[in-house]
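These notes are about the structure you will find just below.
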Amino acid sequence: MHGMEFDVAHMLAGLLVLVSFMMLYQDRLYALLNVLALHAGILALSVAWQAFIQDAPHLYITAAIALGIKAILIPWALRRMVFRMGLHREIETVVGIGLTMLVGMALVALSVEVMLPVTAHADPVTREDLALALSVVLIGMLMMVTRRNAVSQVVGFLSMENGIILAAAGAHGMPLVVEISIAFSILVALIVIGVFLFRIRERFDTVDIGALEPFGGGRE
Amino acid sequence: MITDPISALLAVPLLAAVLLAVLPGYRLSAALNIIASLASLVLALLLLFYRPVANQYVVVDDLNVVFILLNSFVGFTTSVFSAGYIGHELRHARLSLRHLRFYHALFQLMQFGMALALLANNIGLMWVALEFATLTTVVLVGLYRTSEALEAAWKYFILGSVGIALALFGTILVYLAARPVVGEGMDGMVWTVLIAHARDFDPSLLNIAFVFLLLGYGTKVGLVPMHAWLPDAHAEGPTPVSAVLSGLLLNVALYALLRFKILLAANPLAVVPGPLMIGVGLLSLIFAAFMLYRRRDIKRLFAYSSIEHMGIIVFAFGIAGPLGNFAGLLQMTMHSLTKSAIFFSVGHVAQVKGTQRFVGVGGLTVTHPILGWMLVAAVAAIAGLPPFGIFTSEFLIATSSFARAPVLAALLVLGLLVAFGALLLRLNDLAFGEVKGATERMRFSCVPAFVHLSLVLVAGFWLPAPLVGWFHNVAALLG
């Protein structure tokens, strides 16, 4: 039974990394939002599985939050925003997709190299979860760096948060306080983002960050 | 219901925020904002004499009392400054009354977030509170809704989120390191429990955790190379927000970092965090010192000066030892007081002249003597000239690093001199050069900046013995 527990947890966490890679090569906004929903869905499954094997019922709440808010509500809201505001449906990237994928692979290798040796004393489920969660976080960061479009930067950020929740769920007995507050702060963050996107819309008729740059103060 | 000062300290800003969000009228809300901040200051003073027992969520010890007191003091003077500043913005229609309600409520919410982060005895709670405080400042930075303000807020938001995410990852790793020793559940996040058992934690996990925490919280401290948000956020937000960002929020993030530094220092096998902190500190100092040249915007100049000073402070805590930590604490206090005084003065200058670019401002000591000389004193203080307190603390930092590593001390002094040159060069144009921009008189209160500068001046001559003893205790705590 123990082997099976580990295998399923490992498979789900691995799937999450895989879906992170899928995000990297999307070039349409709607498709990207679908992948984001899938990402959060897998996260919900993974957290639910952790709740089951750790016998930690509070994790089911985290899983439900991931499913309800991150897999359904947020992608829906972002989709609506894209539609309402008539944004460009294509995603502009800073570097080529092939190169981004290669960097992504290097980041996965890096996080495995870093995490596995230091967690040698932890139990295997936590260990694998942590290494894969760090990969998801780093790929999320990579996505934020390589996209010009504000909506896809937000998607990168959300996938990064998913990775962190995976890590938190994998850590046995991590107090509930933290998980609820993570979900809460994501909500707050989303409100902020929403406000900003709409203000940006008021001013520029675009949500392409590149369009902001001519006004930039940073180039002084 | 609210009986002890800790819960009162948290309840006051929350209640004030709710009231400020619904109350109309500028005079009423500005007055309420001042009263709430004053109440927080009084409560913070009470904490000096009354130390409640730590529970799972909050703690008061020698370390955080320093920060809480400084925070509520600068918060109070900023609220006084803000009343005059915002009145002017309203008359010139840069802000509407609706924005104003929003501004005042968020100002108090930010105070709440910072107080909670400082009081937290729980590394998870501390993280949540710091994220909350950051989000409120993001909205405040974007308050003017100009394209520059929006870009600044967006940059701040994105970089801040990445930082905060990395810090959370580090926090999870600390919990994992603690779990085998203190057991599962809440205890693994309670600071007082962690520090008592830190000696038995897995050192390699702690090392990795500290790297993430340094990157994460370091982003909020404004350390190079994660500093990109800081100049924009300072330059484009309302000036009271710039004062609070530089004087307070950077300190709160630094406080989080110091907590984890203590944790690492308590574990004999973990890496010493010193060299890492010395490295990023020096890098920030020297980078920012050179960036001070060729700035075109006054607030942006002083934002880079904040990066420079945070670099010096982190460097001092990296050098550590009783003298290094003492000097770091002193430098932090002096910087908060001086930098917020500078932003108070610059805010008035920008309002008088109608611009915050260097090209539109000159000869202040001729046209506005009080304001002009106040700015001269403040910049002299921040540049580290005697007899101001920053000279004392920078001198202490330089001597303590000479004793330990002369090469590092040379680099430190180089950075200080480069920054000194840039600041004086700029000050010359601002205060003594040919008269530029509007010359009409304006009524405003110079009291907050004056109080801050007097404190910094007095500290340059004489530090009260109880304060020195107290800082020594904290310095010993920091290892």
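Residue numbering restarts at 1 for every chain of the structure tokens, chains are lettered A, B, ... in their displayed order, and ligands are numbered from 1 as they appear.
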
Residues near Val359 of chain B, cut-off 10 Å, only C-alpha atoms, skip fewer than 3 positions along chain, as a ChimeraX atom specification: /B:296-298,355-356,362,429-430,436-437

Tell me which protein, DNA and RNA residues are within 6 Å of segment 440-456 of chain B, counting only C-alpha atoms, leaving out same-chain ones fewer than 4 positions away, and put them as an mmCIF file with N, CA and C atoms, in the first residue's frame.
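What ended up in out34.cif:
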```cif
data_model
loop_
_atom_site.group_PDB
_atom_site.id
_atom_site.type_symbol
_atom_site.label_atom_id
_atom_site.label_comp_id
_atom_site.auth_asym_id
_atom_site.auth_seq_id
_atom_site.Cartn_x
_atom_site.Cartn_y
_atom_site.Cartn_z
ATOM 1 N N THR B 77 3.991 60.512 12.726
ATOM 2 C CA THR B 77 4.429 61.776 12.109
ATOM 3 C C THR B 77 4.015 61.814 10.636
ATOM 4 N N LEU B 337 14.270 57.650 10.360
ATOM 5 C CA LEU B 337 13.896 59.009 10.748
ATOM 6 C C LEU B 337 14.312 60.020 9.683
ATOM 7 N N ALA B 341 11.994 62.186 6.954
ATOM 8 C CA ALA B 341 12.075 63.655 6.987
ATOM 9 C C ALA B 341 12.376 64.196 5.596
ATOM 10 N N PHE B 388 25.334 64.649 12.670
ATOM 11 C CA PHE B 388 24.093 63.881 12.713
ATOM 12 C C PHE B 388 24.343 62.417 13.086
ATOM 13 N N GLY B 389 23.255 61.751 13.518
ATOM 14 C CA GLY B 389 23.359 60.387 14.037
ATOM 15 C C GLY B 389 23.871 59.385 13.028
#
```

Closest pair table for chain B residues within 6 Å of chain A, only C-alpha atoms, as a tab-separated table:
```
residue	atom	partner	partner_atom	distance
B:Gly124	CA	A:Val178	CA	5.8
B:Glu184	CA	A:Gly173	CA	5.0
B:Gly185	CA	A:Gly173	CA	5.1
B:Met186	CA	A:Pro175	CA	5.3
B:Ser204	CA	A:Val118	CA	5.4
B:Leu205	CA	A:Val118	CA	5.6
```

Residue contacts of Ala256 of chain B (9 Å, only C-alpha atoms) excluding same-chain residues fewer than 6 positions away, as JSON, numbers by chain: {"B": [117, 118, 123, 126, 127, 130, 213, 217]}

Pull the alpha helix (DSSP H) assignments for segment 64-187 of chain A out of DSSP run on the backbone, and list those residues as an MDAnalysis selection string. chainID A and resid 64:65 74:84 97:118 124:146 150:170 176:187

Which residue, A:Leu15, A:Ile61, A:Val155, A:Ala109, has the smallest gap to Leu43 of chain A when you use only C-alpha atoms?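 Using only C-alpha atoms, the shortest distance to Leu43 of chain A belongs to A:Leu15.
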
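Among the residues of segment 275-440 of chain B, backbone DSSP assigns strand (DSSP E or B) to Asp297, Arg357, Gly362 and Lys436 of chain B.
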
Would you save the residues of that selection, restricted to N, CA and C atoms, as a short mmCIF file (atom, residue, chain, number, x, y, z; two decimals), in the first residue's frame?
```cif
data_model
loop_
_atom_site.label_atom_id
_atom_site.label_comp_id
_atom_site.auth_asym_id
_atom_site.auth_seq_id
_atom_site.Cartn_x
_atom_site.Cartn_y
_atom_site.Cartn_z
N ASP B 297 14.99 62.80 -11.27
CA ASP B 297 13.78 62.95 -10.46
C ASP B 297 14.19 62.93 -8.99
N ARG B 357 11.01 67.04 -10.74
CA ARG B 357 12.22 66.87 -11.56
C ARG B 357 13.25 67.89 -11.12
N GLY B 362 15.28 74.79 -8.02
CA GLY B 362 16.61 75.33 -7.73
C GLY B 362 16.51 76.49 -6.76
N LYS B 436 14.90 78.45 -9.65
CA LYS B 436 14.10 77.89 -10.73
C LYS B 436 12.72 77.56 -10.19
#
```

Using only C-alpha atoms, which protein or nucleic acid residues come within 8 Å of Leu106 of chain B? Drop anything in the same chain fewer than 5 positions from it, and give the result as a VMD selection string. chain B and resid 17 136 to 137 140

Suppose we keep C-alpha atoms; can you now write the selection as a tab-separated table (two decimals), in the first residue's frame?
```
chain	number	residue	atom	x	y	z
B	17	ALA	CA	-9.61	51.59	8.54
B	136	THR	CA	-1.99	47.61	0.41
B	137	THR	CA	1.10	49.59	-0.61
B	140	LEU	CA	-1.38	53.11	-2.68
```

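Residues within 10 Å of Leu276 of chain B, counting only C-alpha atoms and excluding same-chain residues fewer than 2 positions away, are B:Phe210, B:Val211, B:Leu214, B:Val271, B:Val272, B:Pro273, B:Gly274, B:Ile278, B:Gly279, B:Val280, B:Gly281, B:Val314, B:Phe315, B:Gly318.
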